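First up is the structure itself, then whatever we jot down about it.
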Amino acid sequence: MRAALSAFGLLALMSVTSTGQAAAAQAAAGAQGDVAPTAPQAGNVAPDFTRTDLDGKSRVLSAYRGKVILLNFWATWCAPCLAEIPRFSAWQQRYGPSGLQILGIAMDDELDAVRQLAQRDHLAYPVIMGDVQLGQLYGGVLGLPLSYLIDAHGRIVERYRGEPDLKQIERRLRVLLPRPAAP
Amino acid sequence: MLQVGFKLLFAQSHITGAEFAGPAGQSDGLEALGQRVAQLPRDAEIVLYCGCCPWAHCPNIAAAYRRLRELGFRYVKVLYIAHDFGTDWVEKGYPASTGG
């Protein structure tokens with residue numbers, strides 16, 4: 001896949017335009033657009049939501065107060081997301097008894113693909129199907145992967161976009177756990 | 001201008017004036033793209049973009065570009081979105097719309 005993309009990059013070199021050029025063209029055309037929602041910031045209470053997970057159980061974010069939450073937006077088509085998931089499953093098993101709860105929000109268009117992956121990879125935490133409203137609640141999920149680390153009081157501690165340093169996240173969440181984790 | 005990424009991404013935000021063409025990394029998306037351009041002249045100027053995830057990991061953009069070239073379109077450009085659509089477009093204040 002990487003080789004294919006590299007070859008594509010060379011092929012398309014003369015045909016690639018930049019975001020700045022395109023924006024200028026749009027602006028010249030007089031396009032205005034809508035006001036983008038704002039992503040919740042560190043220190044603020046994480047926006048609450050209620051959704052049903054893949055197993056049919058109702059999941060309310062605020063019901064997890066007292067636990068540290070890693071809210072992970074992902075999709076089956078997102079390679080960096082898939083690389084994170086085994087680590088997240090391992091963290092859930094290791095740190096769950098100390099108060100960690102990971103919640104996966106799948107931003108796929110199709111439920112079947114998510115269900116198949118969740119069963120195949122035996123995810124150790126609940127998965128919810130994302131939607132436009134949930135995305136907007138978190139400022140627009142306009143690229144993956146995206147995760148929020150939320151403390152036991154429901155406040156956002158950190159927002160991680162793109163391919164984060166998983167060791168750094170693990171160090172951070174260990175400090176926040178309400179009960180000490182085994183070394 | 002055609003967005004060849006995912007519907008949920010497009011519905012949350014897309015480049016103002018762009019059309020959703022379907023995720024070109026999937027066979028049904030590629031078919032939808034072909035149908036969208038079927039009536040266009042082969043010298044039409046088409047800009048493709050996705051922005052679902054970091055450029056090197058995008059499952060859609062290369063497939064869409066190749067398909068249009070195979071169909072004979074000569075003036076196809078790809079919008080380079082290095083990180084993702086939110087980071088490289090919306091947060092820079094470029095025109096974006098919701099819905100669709």
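How things are named: the first chain in the structure tokens is A, the next is B, and so on; residues count from 1 in each chain; ligands count from 1 in the order shown.
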
Quick one: contact table of chain B to chain A, 9 Å max, nearest atom pair and distance in Å to one decimal per residue, counting only C-alpha atoms, chain and number order, as a Markdown table?
| residue | atom | partner | partner_atom | distance |
| --- | --- | --- | --- | --- |
| B:Phe6 | CA | A:Asp109 | CA | 6.9 |
| B:Lys7 | CA | A:Asp109 | CA | 6.4 |
| B:Leu8 | CA | A:Asp109 | CA | 6.2 |
| B:Leu9 | CA | A:Leu142 | CA | 6.0 |
| B:Phe10 | CA | A:Leu142 | CA | 8.6 |
| B:Ala11 | CA | A:Val132 | CA | 6.7 |
| B:Gln12 | CA | A:Val132 | CA | 5.7 |
| B:Ser13 | CA | A:Leu142 | CA | 7.3 |
| B:Ile15 | CA | A:Gly33 | CA | 8.0 |
| B:Thr16 | CA | A:Gly33 | CA | 5.7 |
| B:Gly17 | CA | A:Ala31 | CA | 7.7 |
| B:Gly25 | CA | A:Trp77 | CA | 8.5 |
| B:Val47 | CA | A:Thr17 | CA | 8.6 |
| B:Gly51 | CA | A:Gly143 | CA | 6.5 |
| B:Cys52 | CA | A:Gly143 | CA | 4.8 |
| B:Cys53 | CA | A:Gly143 | CA | 5.0 |
| B:Pro54 | CA | A:Gly162 | CA | 6.9 |
| B:Ala56 | CA | A:Leu5 | CA | 6.7 |
| B:His57 | CA | A:Ala79 | CA | 6.3 |
| B:Cys58 | CA | A:Cys78 | CA | 7.6 |
| B:Pro59 | CA | A:Trp77 | CA | 7.0 |
| B:Ala62 | CA | A:Phe8 | CA | 6.2 |
| B:Tyr65 | CA | A:Ala12 | CA | 8.3 |
| B:Arg66 | CA | A:Phe8 | CA | 8.4 |
| B:Tyr75 | CA | A:Ser15 | CA | 8.0 |
| B:Val76 | CA | A:Ser15 | CA | 6.7 |
| B:Lys77 | CA | A:Ser15 | CA | 4.7 |
| B:Val78 | CA | A:Val16 | CA | 4.7 |
| B:Leu79 | CA | A:Thr17 | CA | 5.0 |
| B:Tyr80 | CA | A:Ser18 | CA | 5.4 |
| B:Ile81 | CA | A:Thr19 | CA | 6.8 |
| B:His83 | CA | A:Gly162 | CA | 7.1 |
| B:Asp84 | CA | A:Gly143 | CA | 4.8 |
| B:Phe85 | CA | A:Leu142 | CA | 5.5 |
| B:Gly86 | CA | A:Leu142 | CA | 4.6 |
| B:Thr87 | CA | A:Leu142 | CA | 7.9 |
| B:Asp88 | CA | A:Thr19 | CA | 7.2 |
| B:Trp89 | CA | A:Thr19 | CA | 6.9 |
| B:Val90 | CA | A:Ala36 | CA | 7.1 |
| B:Glu91 | CA | A:Ala36 | CA | 8.4 |
| B:Gly93 | CA | A:Ala36 | CA | 8.8 |
| B:Tyr94 | CA | A:Ala23 | CA | 5.7 |
| B:Pro95 | CA | A:Gly33 | CA | 4.8 |
| B:Ala96 | CA | A:Gly33 | CA | 4.6 |
| B:Ser97 | CA | A:Gly33 | CA | 4.8 |
| B:Thr98 | CA | A:Asp34 | CA | 6.8 |
| B:Gly99 | CA | A:Val132 | CA | 9.0 |

* 10 Å contact set for A:Gly43, only C-alpha atoms, chain neighbours under 6 positions out, as a ChimeraX atom specification -> /A:150-151,154-158

* Asked: stretch 43-152 of chain A: which residues are strand (DSSP E or B) by DSSP, as a PyMOL selection string?
  -> chain A and resi 45+50-53+58-60+68-74+100-106+127-129+146-150

* Test item: residues at most 12 Å from stretch 82-99 of chain A, only C-alpha atoms, excluding those fewer than 4 positions along its chain, as a PyMOL selection string -> (chain A and resi 64-78+103-106+114+117-118+120-127+144-147+150-152+162-167+169-171+173-183) or (chain B and resi 57)

* To do: May I have the residues within 7 Å of B:Phe20 as a count of residues only, using only C-alpha atoms and disregarding those fewer than 5 positions away in the same chain?
  => 4

* **Residues of chain B in alpha helix (DSSP H), written as an MDAnalysis selection string** => chainID B and resid 7:12 27:37 61:70 85:88

Keeping only N, CA, C and O atoms, take the residues you just selected and write them out as a compact mmCIF listing (two decimals), in the first residue's frame.
# COMPACT_ATOMS: atom_id res chain seq x y z
N LYS B 7 -18.98 9.48 3.67
CA LYS B 7 -20.20 10.28 3.77
C LYS B 7 -20.29 11.02 5.10
O LYS B 7 -20.70 12.19 5.13
N LEU B 8 -19.91 10.35 6.17
CA LEU B 8 -20.01 10.97 7.48
C LEU B 8 -19.07 12.16 7.61
O LEU B 8 -19.39 13.17 8.24
N LEU B 9 -17.91 12.04 7.00
CA LEU B 9 -16.97 13.17 6.97
C LEU B 9 -17.56 14.31 6.14
O LEU B 9 -17.55 15.47 6.57
N PHE B 10 -18.08 14.00 4.98
CA PHE B 10 -18.64 15.01 4.09
C PHE B 10 -19.81 15.73 4.77
O PHE B 10 -19.93 16.96 4.70
N ALA B 11 -20.67 14.97 5.43
CA ALA B 11 -21.86 15.57 6.05
C ALA B 11 -21.48 16.53 7.18
O ALA B 11 -22.15 17.54 7.39
N GLN B 12 -20.39 16.24 7.88
CA GLN B 12 -19.96 17.15 8.95
C GLN B 12 -19.36 18.42 8.39
O GLN B 12 -19.60 19.51 8.91
N SER B 27 -15.21 -0.51 -3.62
CA SER B 27 -15.67 -0.76 -4.98
C SER B 27 -16.95 0.02 -5.32
O SER B 27 -17.08 0.57 -6.42
N ASP B 28 -17.87 0.12 -4.36
CA ASP B 28 -19.09 0.88 -4.66
C ASP B 28 -18.81 2.36 -4.79
O ASP B 28 -19.46 3.07 -5.57
N GLY B 29 -17.84 2.85 -4.02
CA GLY B 29 -17.47 4.26 -4.13
C GLY B 29 -16.83 4.56 -5.47
O GLY B 29 -17.09 5.61 -6.09
N LEU B 30 -16.00 3.64 -5.92
CA LEU B 30 -15.34 3.82 -7.22
C LEU B 30 -16.37 3.80 -8.35
O LEU B 30 -16.27 4.58 -9.31
N GLU B 31 -17.36 2.96 -8.18
CA GLU B 31 -18.43 2.89 -9.18
C GLU B 31 -19.24 4.19 -9.19
O GLU B 31 -19.58 4.72 -10.26
N ALA B 32 -19.52 4.71 -8.00
CA ALA B 32 -20.27 5.97 -7.91
C ALA B 32 -19.49 7.11 -8.55
O ALA B 32 -20.08 7.97 -9.22
N LEU B 33 -18.19 7.11 -8.35
CA LEU B 33 -17.36 8.15 -8.97
C LEU B 33 -17.46 8.06 -10.50
O LEU B 33 -17.61 9.08 -11.18
N GLY B 34 -17.38 6.85 -11.01
CA GLY B 34 -17.48 6.66 -12.46
C GLY B 34 -18.81 7.16 -13.01
O GLY B 34 -18.86 7.79 -14.07
N GLN B 35 -19.87 6.89 -12.26
CA GLN B 35 -21.19 7.35 -12.69
C GLN B 35 -21.29 8.87 -12.66
O GLN B 35 -21.89 9.49 -13.53
N ARG B 36 -20.67 9.48 -11.64
CA ARG B 36 -20.75 10.94 -11.52
C ARG B 36 -20.09 11.65 -12.70
O ARG B 36 -20.56 12.71 -13.15
N VAL B 37 -19.01 11.09 -13.19
CA VAL B 37 -18.26 11.78 -14.25
C VAL B 37 -18.62 11.26 -15.65
O VAL B 37 -18.07 11.76 -16.64
N ILE B 61 -7.75 8.52 -2.22
CA ILE B 61 -7.36 9.53 -3.20
C ILE B 61 -6.63 8.91 -4.41
O ILE B 61 -6.86 9.28 -5.56
N ALA B 62 -5.74 7.97 -4.13
CA ALA B 62 -4.98 7.36 -5.24
C ALA B 62 -5.90 6.57 -6.16
O ALA B 62 -5.80 6.65 -7.39
N ALA B 63 -6.83 5.84 -5.54
CA ALA B 63 -7.77 5.04 -6.34
C ALA B 63 -8.64 5.93 -7.22
O ALA B 63 -8.90 5.61 -8.39
N ALA B 64 -9.08 7.04 -6.68
CA ALA B 64 -9.93 7.96 -7.44
C ALA B 64 -9.16 8.57 -8.61
O ALA B 64 -9.66 8.65 -9.74
N TYR B 65 -7.94 8.99 -8.33
CA TYR B 65 -7.12 9.60 -9.39
C TYR B 65 -6.87 8.62 -10.52
O TYR B 65 -7.05 8.94 -11.70
N ARG B 66 -6.51 7.40 -10.15
CA ARG B 66 -6.23 6.38 -11.17
C ARG B 66 -7.46 6.10 -12.02
O ARG B 66 -7.38 5.97 -13.23
N ARG B 67 -8.63 6.02 -11.38
CA ARG B 67 -9.83 5.69 -12.11
C ARG B 67 -10.16 6.79 -13.14
O ARG B 67 -10.49 6.50 -14.29
N LEU B 68 -10.03 8.03 -12.72
CA LEU B 68 -10.34 9.11 -13.66
C LEU B 68 -9.35 9.14 -14.82
O LEU B 68 -9.73 9.40 -15.96
N ARG B 69 -8.10 8.85 -14.54
CA ARG B 69 -7.11 8.80 -15.62
C ARG B 69 -7.42 7.63 -16.56
O ARG B 69 -7.31 7.76 -17.78
N GLU B 70 -7.82 6.51 -15.99
CA GLU B 70 -8.19 5.35 -16.81
C GLU B 70 -9.39 5.68 -17.71
O GLU B 70 -9.50 5.17 -18.82
N PHE B 85 -8.71 16.87 6.88
CA PHE B 85 -9.53 17.98 6.39
C PHE B 85 -9.73 19.06 7.47
O PHE B 85 -9.72 20.25 7.17
N GLY B 86 -9.89 18.62 8.71
CA GLY B 86 -10.09 19.60 9.78
C GLY B 86 -8.88 20.48 9.96
O GLY B 86 -8.98 21.71 10.02
N THR B 87 -7.71 19.86 10.04
CA THR B 87 -6.48 20.59 10.31
C THR B 87 -6.10 21.49 9.14
O THR B 87 -5.73 22.66 9.35
N ASP B 88 -6.17 20.96 7.94
CA ASP B 88 -5.58 21.65 6.79
C ASP B 88 -6.58 22.50 6.01
O ASP B 88 -6.18 23.19 5.07

* Using only C-alpha atoms, which of the listed residues (B:Lys92, B:Met1, B:Gly100, B:Gly72) sits closest to B:Tyr49? -> B:Met1

* Structure fact -> The distance between atom CA of A:Tyr138 and atom CA of A:Pro40 is 6.1 Å

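Minimum atom-to-atom distance to A:Arg115, evaluated using only C-alpha atoms, belongs to A:Met129 out of A:Pro47, A:Leu100, A:Ala39, A:Met129.
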